[in-house]
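Visitor: mmCIF, C-alpha atoms, saved as protein_37.cif, coming up:
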```
data_input
loop_
_atom_site.label_atom_id
_atom_site.label_comp_id
_atom_site.auth_asym_id
_atom_site.auth_seq_id
_atom_site.Cartn_x
_atom_site.Cartn_y
_atom_site.Cartn_z
CA MET A 1 77.24 42.29 199.40
CA GLY A 2 75.21 41.67 196.28
CA ILE A 3 75.67 43.45 192.99
CA ASP A 4 72.51 45.51 193.60
CA LYS A 5 74.07 47.02 196.72
CA LEU A 6 77.36 47.43 194.87
CA ILE A 7 75.76 49.76 192.34
CA GLY A 8 73.57 51.41 194.95
CA VAL A 9 70.16 50.10 193.94
CA ASP A 10 69.71 47.33 196.50
CA LYS A 11 66.00 48.18 196.90
CA ILE A 12 65.35 47.35 193.23
CA PRO A 13 65.85 43.65 192.25
CA PHE A 14 67.81 44.17 189.04
CA PHE A 15 69.60 40.84 189.55
CA PRO A 16 68.54 37.45 190.99
CA PRO A 17 70.05 36.48 194.35
CA GLU A 18 73.64 35.25 194.27
CA ALA A 19 73.04 31.73 195.53
CA SER A 20 76.00 29.73 194.14
CA THR A 21 79.77 29.84 194.46
CA PHE A 22 80.43 31.39 191.05
CA ALA A 23 77.37 33.67 190.86
CA ARG A 24 79.32 36.62 192.33
CA GLU A 25 82.19 36.28 189.85
CA ILE A 26 79.82 36.14 186.90
CA ASP A 27 77.95 39.21 188.16
CA VAL A 28 81.18 41.18 188.60
CA LEU A 29 82.29 40.28 185.07
CA TYR A 30 78.90 41.35 183.76
CA LEU A 31 79.11 44.64 185.70
CA VAL A 32 82.62 45.40 184.40
CA THR A 33 81.58 44.63 180.81
CA TRP A 34 78.49 46.80 181.22
CA ALA A 35 80.54 49.66 182.75
CA LEU A 36 83.15 49.57 179.96
CA THR A 37 80.41 49.55 177.34
CA ILE A 38 78.70 52.56 178.90
CA PHE A 39 82.05 54.36 179.28
CA PHE A 40 83.13 54.00 175.65
CA LEU A 41 79.64 54.72 174.40
CA GLY A 42 79.67 57.88 176.50
CA VAL A 43 83.07 58.91 175.09
CA VAL A 44 81.80 58.49 171.52
CA ILE A 45 78.56 60.39 172.19
CA VAL A 46 80.37 63.26 173.97
CA MET A 47 82.95 63.60 171.20
CA LEU A 48 80.27 63.54 168.51
CA THR A 49 78.29 66.19 170.37
CA VAL A 50 81.31 68.44 170.97
CA LEU A 51 82.52 68.20 167.36
CA ALA A 52 79.01 68.75 166.02
CA VAL A 53 78.64 71.93 168.09
CA VAL A 54 82.16 73.33 167.53
CA TYR A 55 82.25 72.66 163.81
CA ARG A 56 78.63 73.34 163.00
CA ARG A 57 77.85 75.30 159.84
CA ASN A 58 78.66 79.03 160.06
CA SER A 59 80.70 78.51 163.24
CA LYS A 60 83.93 80.52 163.68
CA ALA A 61 86.12 77.42 164.27
CA ASP A 62 89.50 77.48 162.51
CA ARG A 63 89.39 75.03 159.58
CA SER A 64 92.56 76.28 157.84
CA HIS A 65 94.86 73.50 159.09
CA PRO A 66 92.84 70.24 159.22
CA ILE A 67 94.60 67.27 160.84
CA HIS A 68 94.26 64.17 158.67
CA THR A 69 96.19 61.75 160.87
CA HIS A 70 97.36 61.44 164.49
CA HIS A 71 99.38 58.30 165.18
CA GLY A 72 99.26 58.63 168.96
CA LEU A 73 95.47 58.94 168.99
CA GLU A 74 95.03 56.09 166.51
CA LEU A 75 97.30 53.80 168.53
CA ALA A 76 95.51 54.72 171.74
CA TRP A 77 92.01 53.96 170.47
CA SER A 78 93.25 50.69 168.93
CA ILE A 79 95.56 49.28 171.59
CA ILE A 80 93.65 50.24 174.76
CA PRO A 81 90.30 48.69 173.67
CA MET A 82 92.16 45.63 172.35
CA ILE A 83 93.89 45.07 175.70
CA LEU A 84 90.63 45.55 177.59
CA GLY A 85 88.85 43.17 175.20
CA LEU A 86 91.51 40.49 175.66
CA MET A 87 91.32 40.87 179.43
CA ILE A 88 87.54 40.45 179.36
CA PHE A 89 87.93 37.42 177.05
CA ALA A 90 90.48 35.75 179.35
CA TRP A 91 88.36 36.50 182.41
CA GLY A 92 85.22 35.12 180.76
CA ALA A 93 87.06 32.05 179.45
CA LYS A 94 88.27 31.23 182.96
CA LEU A 95 84.76 31.49 184.39
CA TYR A 96 83.43 29.40 181.52
CA ALA A 97 86.04 26.71 182.16
CA ASP A 98 85.30 26.75 185.90
CA ALA A 99 81.58 26.33 185.18
CA TYR A 100 82.28 23.22 183.08
CA LYS A 101 85.01 21.65 185.22
CA VAL A 102 83.07 19.43 187.61
CA PRO A 103 84.77 18.83 190.99
CA ASP A 104 85.78 15.23 191.67
CA ASN A 105 83.68 15.13 194.85
CA ALA A 106 80.48 16.36 193.18
CA GLU A 107 77.38 14.26 193.83
CA GLU A 108 75.51 13.33 190.67
CA ILE A 109 71.86 14.19 190.04
CA PHE A 110 70.04 13.17 186.86
CA VAL A 111 67.69 15.57 185.08
CA VAL A 112 65.22 14.39 182.42
CA GLY A 113 63.45 17.10 180.46
CA LYS A 114 60.14 16.25 178.84
CA GLN A 115 57.16 18.17 177.50
CA TRP A 116 56.53 19.90 179.79
CA MET A 117 58.19 19.11 183.09
CA TRP A 118 61.52 18.43 184.79
CA HIS A 119 62.04 14.99 186.31
CA ILE A 120 64.86 14.73 188.87
CA GLN A 121 66.55 11.45 189.86
CA HIS A 122 68.82 11.35 192.90
CA THR A 123 71.30 8.48 193.05
CA ASN A 124 69.86 7.37 196.39
CA GLY A 125 66.49 6.68 194.72
CA ILE A 126 64.63 9.87 195.61
CA ARG A 127 62.71 11.42 192.71
CA GLU A 128 61.24 14.87 192.27
CA ASN A 129 59.09 16.55 189.63
CA ASN A 130 59.68 20.24 188.86
CA THR A 131 61.60 20.51 192.13
CA LEU A 132 65.27 20.16 192.93
CA THR A 133 66.28 19.91 196.58
CA VAL A 134 69.94 20.34 197.58
CA PRO A 135 71.93 21.47 200.62
CA THR A 136 74.39 24.32 200.92
CA GLY A 137 78.13 23.72 200.89
CA ARG A 138 78.18 20.60 198.66
CA PRO A 139 78.93 20.46 194.91
CA PHE A 140 76.41 18.73 192.66
CA LYS A 141 76.74 17.57 189.07
CA LEU A 142 73.63 17.65 186.91
CA THR A 143 73.58 15.02 184.15
CA CYS A 144 70.83 16.09 181.78
CA ILE A 145 69.01 14.52 178.84
CA SER A 146 65.73 15.18 177.03
CA GLN A 147 63.03 12.63 176.37
CA ASP A 148 61.62 14.52 173.37
CA VAL A 149 62.79 17.94 172.11
CA ILE A 150 65.52 20.43 173.04
CA HIS A 151 65.05 22.03 176.45
CA SER A 152 67.31 24.29 178.51
CA PHE A 153 67.82 23.92 182.27
CA PHE A 154 68.12 27.43 183.73
CA ILE A 155 68.54 28.47 187.38
CA PRO A 156 69.06 32.27 187.39
CA ALA A 157 70.09 32.43 191.05
CA PHE A 158 72.90 29.93 190.39
CA ARG A 159 73.90 31.57 187.07
CA ILE A 160 73.80 28.20 185.27
CA LYS A 161 72.03 27.29 182.02
CA ARG A 162 72.55 24.13 179.99
CA ASP A 163 70.84 22.90 176.86
CA VAL A 164 69.13 19.55 177.47
CA LEU A 165 69.30 17.52 174.27
CA PRO A 166 67.52 14.37 173.08
CA GLY A 167 69.88 11.45 172.62
CA HIS A 168 72.89 13.12 174.22
CA TYR A 169 73.94 13.82 177.82
CA THR A 170 74.97 17.31 178.89
CA SER A 171 76.19 18.33 182.32
CA ALA A 172 76.45 21.29 184.65
CA TRP A 173 77.51 21.73 188.24
CA PHE A 174 76.93 24.12 191.10
CA GLU A 175 77.45 24.56 194.82
CA ALA A 176 74.61 26.38 196.54
CA THR A 177 75.55 28.94 199.19
CA LEU A 178 72.29 30.59 200.27
CA PRO A 179 69.28 28.69 201.70
CA GLY A 180 65.96 29.55 200.09
CA GLU A 181 63.71 28.81 197.15
CA TYR A 182 64.69 29.85 193.63
CA HIS A 183 63.14 29.74 190.19
CA LEU A 184 63.82 26.97 187.68
CA PHE A 185 63.00 27.63 184.03
CA CYS A 186 63.18 26.05 180.61
CA ALA A 187 65.06 28.66 178.55
CA GLU A 188 64.46 27.03 175.14
CA TYR A 189 61.11 27.18 173.36
CA CYS A 190 59.91 23.57 173.43
CA GLY A 191 56.25 23.68 172.46
CA THR A 192 52.88 25.13 173.36
CA GLU A 193 53.32 24.70 177.13
CA HIS A 194 56.90 26.01 177.20
CA SER A 195 56.03 28.96 179.44
CA ARG A 196 54.64 26.58 182.06
CA MET A 197 57.75 24.39 182.17
CA THR A 198 58.99 25.91 185.42
CA GLY A 199 59.96 24.63 188.82
CA THR A 200 61.58 25.39 192.14
CA VAL A 201 65.06 24.80 193.51
CA ARG A 202 64.95 24.34 197.28
CA VAL A 203 68.26 24.99 199.03
CA LEU A 204 68.37 23.72 202.61
CA THR A 205 70.90 23.87 205.39
CA PRO A 206 72.86 20.60 205.81
CA GLU A 207 70.82 19.73 208.90
CA ASN A 208 67.46 20.32 207.21
CA TYR A 209 68.64 18.48 204.11
CA GLN A 210 69.52 15.42 206.20
CA ARG A 211 66.04 15.51 207.74
CA TRP A 212 64.59 15.77 204.24
CA LEU A 213 66.63 12.75 203.16
CA ASP A 214 65.44 10.75 206.15
CA LEU A 215 61.85 11.62 205.29
CA LYS A 216 62.06 11.07 201.53
CA GLY A 217 64.41 8.10 201.71
CA THR A 218 61.75 5.82 203.18
CA LYS A 219 58.23 4.93 202.11
CA GLU A 220 55.34 3.38 203.96
CA THR A 221 54.23 -0.14 202.97
CA VAL A 222 50.74 -1.55 203.34
CA GLU A 223 51.74 -2.75 206.80
CA ALA A 224 52.80 0.84 207.64
CA LYS A 225 56.42 -0.24 207.96
CA PRO A 226 59.05 2.13 206.56
CA VAL A 227 61.11 0.68 203.71
CA ARG A 228 64.28 2.27 202.38
CA ALA A 229 63.97 3.68 198.88
CA LYS A 230 65.96 1.81 196.24
CA SER A 231 69.08 3.49 194.92
CA MET A 232 69.53 3.99 191.18
CA GLU A 233 72.05 1.14 191.13
CA GLU A 234 69.58 -1.23 192.80
CA GLU A 235 66.80 -0.14 190.48
CA GLY A 236 69.12 -0.59 187.52
CA GLN A 237 70.01 -4.11 188.62
CA GLU A 238 66.33 -5.04 188.77
CA ILE A 239 65.79 -3.66 185.25
CA PHE A 240 68.96 -5.46 184.08
CA GLU A 241 67.54 -8.77 185.25
CA SER A 242 63.90 -8.18 184.30
CA VAL A 243 64.54 -7.30 180.64
CA GLY A 244 66.90 -10.22 180.14
CA CYS A 245 70.31 -8.50 180.01
CA ALA A 246 71.77 -11.05 182.43
CA ASN A 247 71.02 -13.88 180.00
CA CYS A 248 73.91 -12.78 177.76
CA HIS A 249 76.04 -10.29 179.72
CA THR A 250 77.76 -12.36 182.40
CA ALA A 251 80.81 -11.74 184.53
CA GLU A 252 83.08 -13.02 181.74
CA ASP A 253 83.20 -12.42 178.00
CA THR A 254 81.28 -15.07 176.09
CA PRO A 255 80.73 -15.71 172.36
CA ARG A 256 77.26 -14.19 172.76
CA ALA A 257 78.15 -10.91 174.50
CA PRO A 258 81.00 -9.11 176.25
CA SER A 259 81.21 -8.75 179.99
CA LEU A 260 80.06 -5.44 181.43
CA TYR A 261 82.47 -5.54 184.35
CA ALA A 262 85.02 -2.70 184.20
CA LEU A 263 83.43 -1.54 180.95
CA PHE A 264 82.71 2.07 181.91
CA GLY A 265 85.41 4.38 180.56
CA LYS A 266 87.11 1.65 178.52
CA LYS A 267 87.91 2.02 174.81
CA ARG A 268 85.99 -0.37 172.56
CA GLN A 269 86.58 -1.23 168.92
CA MET A 270 83.59 -1.48 166.60
CA GLN A 271 83.19 -3.80 163.62
CA ASN A 272 83.98 -0.90 161.27
CA GLY A 273 87.28 -0.26 163.09
CA GLU A 274 86.04 2.83 164.95
CA ILE A 275 87.31 3.25 168.52
CA LEU A 276 84.74 4.50 171.02
CA VAL A 277 84.90 5.20 174.76
CA ALA A 278 82.27 3.43 176.84
CA ASP A 279 80.85 6.56 178.48
CA ARG A 280 77.23 7.39 179.24
CA ASP A 281 76.35 8.24 175.65
CA TYR A 282 77.93 5.00 174.42
CA LEU A 283 76.03 2.86 176.94
CA ARG A 284 72.74 4.62 176.26
CA ALA A 285 73.08 4.14 172.50
CA ASN A 286 73.99 0.46 172.93
CA ILE A 287 70.98 -0.12 175.16
CA LEU A 288 68.41 1.58 172.94
CA THR A 289 69.81 0.92 169.45
CA PRO A 290 72.51 -1.75 169.90
CA ASN A 291 72.76 -2.71 166.24
CA ASP A 292 73.82 0.72 165.01
CA LYS A 293 77.39 0.14 166.18
CA ILE A 294 78.43 -3.41 167.01
CA THR A 295 81.48 -4.33 169.04
CA ALA A 296 84.17 -6.11 167.03
CA GLY A 297 83.94 -9.89 167.35
CA TYR A 298 80.19 -10.04 168.02
CA GLU A 299 77.03 -10.38 165.95
CA ALA A 300 73.92 -8.20 165.89
CA THR A 301 71.86 -10.37 168.23
CA MET A 302 70.87 -7.90 170.97
CA PRO A 303 67.23 -6.74 170.83
CA THR A 304 66.41 -3.05 170.49
CA TYR A 305 64.99 -1.34 173.59
CA GLN A 306 64.10 1.95 171.89
CA GLY A 307 60.56 2.77 172.99
CA ASN A 308 60.54 0.04 175.65
CA LEU A 309 62.64 1.84 178.25
CA THR A 310 62.19 5.38 179.55
CA GLU A 311 65.09 7.77 180.02
CA GLU A 312 64.76 7.25 183.77
CA GLN A 313 65.17 3.48 183.33
CA VAL A 314 68.15 3.98 181.03
CA ASN A 315 69.76 6.25 183.64
CA ALA A 316 69.29 3.52 186.24
CA LEU A 317 70.77 0.86 183.94
CA VAL A 318 73.80 3.02 183.23
CA ALA A 319 74.24 3.65 186.97
CA TYR A 320 74.20 -0.12 187.58
CA ILE A 321 76.69 -0.85 184.79
CA LYS A 322 78.96 1.88 186.12
CA SER A 323 78.80 0.31 189.60
CA LEU A 324 80.31 -2.89 188.17
CA GLY A 325 83.65 -1.15 187.85
CA THR A 326 85.56 1.21 185.62
CA SER A 327 88.53 0.90 183.32
CA GLU A 328 90.72 2.17 186.17
CA GLU A 329 89.65 -0.82 188.29
CA PRO A 330 91.23 -3.93 186.68
CA LYS A 331 89.48 -7.25 186.95
CA PRO A 332 90.75 -8.98 190.12
CA ALA A 333 92.90 -12.06 189.72
CA GLY A 334 92.80 -15.28 191.68
CA GLY A 335 89.59 -16.93 190.60
CA GLU A 336 86.38 -16.60 188.66
CA VAL A 337 84.65 -13.23 188.93
CA LYS A 338 81.01 -13.37 189.98
CA ILE A 339 78.34 -10.70 190.30
CA GLN A 340 76.09 -10.94 193.35
CA ASN A 341 73.61 -8.31 194.48
CA GLY A 342 74.92 -5.98 191.81
CA LYS A 343 78.50 -6.13 193.05
CA VAL A 344 81.54 -8.02 191.88
CA VAL A 345 82.85 -10.55 194.37
CA THR A 346 85.96 -12.69 194.08
CA PRO A 347 86.30 -16.11 195.68
CA PRO A 348 89.14 -16.37 198.17
CA VAL A 349 92.43 -17.55 196.73
CA ALA A 350 94.05 -20.60 198.24
CA PRO A 351 97.34 -19.84 199.96
CA LYS A 352 100.47 -20.56 197.98
CA ALA A 353 102.35 -23.74 198.74
CA ALA A 354 105.73 -23.46 200.31
CA THR A 355 108.52 -23.08 197.80
CA SER A 356 111.16 -25.76 197.33
CA ASN A 357 114.27 -26.34 195.28
CA THR A 358 112.44 -28.79 193.02
CA GLN A 359 111.21 -27.26 189.77
CA GLY A 360 108.20 -28.70 187.96
CA GLY A 361 106.99 -28.20 184.39
CA ASN A 362 103.86 -26.25 183.41
#
```
Turn this file's structure into structure tokens for me.

Guide:
Amino acid sequence: MGIDKLIGVDKIPFFPPEASTFAREIDVLYLVTWALTIFFLGVVIVMLTVLAVVYRRNSKADRSHPIHTHHGLELAWSIIPMILGLMIFAWGAKLYADAYKVPDNAEEIFVVGKQWMWHIQHTNGIRENNTLTVPTGRPFKLTCISQDVIHSFFIPAFRIKRDVLPGHYTSAWFEATLPGEYHLFCAEYCGTEHSRMTGTVRVLTPENYQRWLDLKGTKETVEAKPVRAKSMEEEGQEIFESVGCANCHTAEDTPRAPSLYALFGKKRQMQNGEILVADRDYLRANILTPNDKITAGYEATMPTYQGNLTEEQVNALVAYIKSLGTSEEPKPAGGEVKIQNGKVVTPPVAPKAATSNTQGGN
């Protein structure tokens, strides 16, 4: 039952549909806050009206023993609203934390805001403009960045809104529950065409979403043969090789550049002694403006790619670098590490010789 039916006005669309897992909880919190506000406002208005009528000029009300203080009343109107306010704060804080805590199994989708459109990148290579297609029953993480000015990604039916900033990644997550089409807006004034920066979120059943993937995941060649769309990792590897990254960044650290294997999530020390974590923002900054902060032990020899790569290409590069491993995945032992087809492979290790009582020196 939606909130419109709850308050008895289900024929009037006061609220957008509740189409995500936490939309109902946010609506209930809003309704409770609204009801408490109306209640206390009503109490104040009624008391003002009653006192104004009873103690109006020339009235016969007894004014001989005015009460200047009433500790019980003062404690009541101080403690009760304070408790209610703290309860609302704790409730809202929990919902806020839930909205920012992305589930571990969430599938990542990249959102690039630009004047004046939304560009969507799915990790499997599918791209959409001003449209986001997702299934019900699966959590999705939106990793957002702006190509120009500040935007705001707003889906009223999901009750999510995130500022989309230039030069910095922001994220949001949701799990759709109700199939249908819903509005997508930019909720931050971003220029003359701001009001036209809209789109559609299409929520499909799992079966229809799989059919949509099968349709969008292939493209027709000149010979009319279907070819699988490239994933973001595969696209990133092509960019990595085409712009010359592989000339310096190899599987092992070299005097020219550090290895990118197992870099994602690792702490790195800069020349100025600053310690940074190699997250998305770190990698993006080191791709576009690498000489702003240089890793300790290396020189400023990497070219600047600011203006040469789009945000979509940077997202693909970061996806490829992330696919090379994380700090939680230590570099395998037993031989030289090589990167083939965008993956790290390790040569087989020769079996150990049988042990004996004879000890040799190293």

Visitor: Considering all atoms listed in the file, state which residue in the set A:Ile321, A:Glu175, A:Ile287, A:Asp253 is at the smallest distance from Glu238 (chain A).

Guide: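 For Glu238 (chain A), the nearest of the given residues is A:Ile321.
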
Visitor: Check which residues of region 54-131 of chain A sit at most 12 Å from region 147-157 of chain A using only C-alpha atoms, and return one row each with the closest pair of atoms and their distance in Å to one decimal, ordered by chain and rising number, as a tab-separated table.

Guide:
```
residue	atom	partner	partner_atom	distance
A:Phe110	CA	A:Phe153	CA	11.9
A:Val111	CA	A:Phe153	CA	8.8
A:Val112	CA	A:Gln147	CA	6.7
A:Gly113	CA	A:Gln147	CA	6.1
A:Lys114	CA	A:Gln147	CA	5.2
A:Gln115	CA	A:Asp148	CA	7.1
A:Trp116	CA	A:His151	CA	9.4
A:Met117	CA	A:His151	CA	10.0
A:Trp118	CA	A:Phe153	CA	8.7
A:His119	CA	A:Gln147	CA	10.3
A:Ile120	CA	A:Phe153	CA	11.7
A:Asn130	CA	A:Phe153	CA	11.1
A:Thr131	CA	A:Ile155	CA	11.6
```

Visitor: Looking at A:Tyr169, A:Tyr298, A:Tyr305, A:Phe240, which one is nearest to Asn286 (chain A), with distances taken over only C-alpha atoms?

Guide: A:Tyr305

Visitor: For CA of Gly85 (chain A) and CA of Ile26 (chain A), quote the distance in Å rounded to one decimal.

Guide: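 Atom-to-atom, CA of Gly85 (chain A) and CA of Ile26 (chain A) are spaced 16.4 Å apart.
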
Visitor: Give me the residues near region 203-215 of chain A as a list of chain:residue names, where near means some atom within 6 Å (using all atoms listed in the file) and where sequence neighbours in that chain fewer than 3 positions away do not count.

Guide: A:Thr133, A:Val134, A:Pro135, A:Thr136, A:Pro179, A:Gly180

Visitor: Can you list, as JSON, numbers by chain, the residues that the PyMOL selection byres ((chain A and resi 32-44) around 12) selects here?

Guide: {"A": [3, 6, 7, 25, 26, 27, 28, 29, 30, 31, 45, 46, 47, 48, 49, 50, 51, 52, 77, 80, 81, 84, 85, 86, 87, 88, 89, 91, 92]}

Visitor: Nearest to Ile126 (chain A) among A:Ala229, A:Val54, A:Ala257, A:Ile275, with distances taken over all atoms listed in the file: which residue is it?

Guide: A:Ala229

Visitor: Decode the PyMOL selection byres ((chain A and resi 306) around 8) for the given file into explicit residues and return them as a PDB file with C-alpha atoms, in the coordinates of the input.

Guide:
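Result file follows (out37.pdb):
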```pdb
ATOM      1  CA  ILE A 287      70.980  -0.120 175.160  1.00  0.00           C
ATOM      2  CA  LEU A 288      68.410   1.580 172.940  1.00  0.00           C
ATOM      3  CA  THR A 289      69.810   0.920 169.450  1.00  0.00           C
ATOM      4  CA  THR A 304      66.410  -3.050 170.490  1.00  0.00           C
ATOM      5  CA  TYR A 305      64.990  -1.340 173.590  1.00  0.00           C
ATOM      6  CA  GLY A 307      60.560   2.770 172.990  1.00  0.00           C
ATOM      7  CA  ASN A 308      60.540   0.040 175.650  1.00  0.00           C
ATOM      8  CA  LEU A 309      62.640   1.840 178.250  1.00  0.00           C
TER       9      LEU A 309
END
```

Visitor: Taking only C-alpha atoms into account, which of A:Ala246, A:Asp281, A:Phe22, A:Gly297 comes nearest Ile145 (chain A)?

Guide: A:Asp281

Visitor: Rounded to one decimal in Å, what is the spacing between CA of Asn315 (chain A) and CA of Lys293 (chain A)?

Guide: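 Straight-line distance from CA of Asn315 (chain A) to CA of Lys293 (chain A) works out to 20.0 Å.
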
Visitor: Hey, can you check how far CA of Val201 (chain A) sits from CA of Thr123 (chain A)?

Guide: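 CA of Val201 (chain A) sits 17.5 Å away from CA of Thr123 (chain A).
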
Visitor: Which is closer to Arg284 (chain A) than all the others in A:Ser259, A:Ser64, A:Thr310, A:Gln271, using all atoms listed in the file?

Guide: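 Of all the options, A:Thr310 lies closest to Arg284 (chain A).
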
Visitor: Could you give me the axis-aligned bounding box of region 230-241 of chain A, with 4 Å of padding per side, as centre plus edge lengths in Å to one decimal, as JSON?

Guide:
```
{"center_x": 68.9, "center_y": -2.4, "center_z": 190.2, "size_x": 14.3, "size_y": 20.8, "size_z": 20.2}
```

Visitor: Name the residues in contact with Glu18 (chain A) at a cut-off of 8 Å, using all atoms listed in the file, excluding same-chain residues fewer than 6 positions from it; report them as number ranges by chain.

Guide: A: 2, 24, 157-158, 178

Visitor: Identify which of the residues A:Glu312, A:Leu260, A:Phe15, A:Ala187 lies closest to Glu128 (chain A), counting all atoms listed in the file when measuring atom-to-atom distances.

Guide: A:Glu312
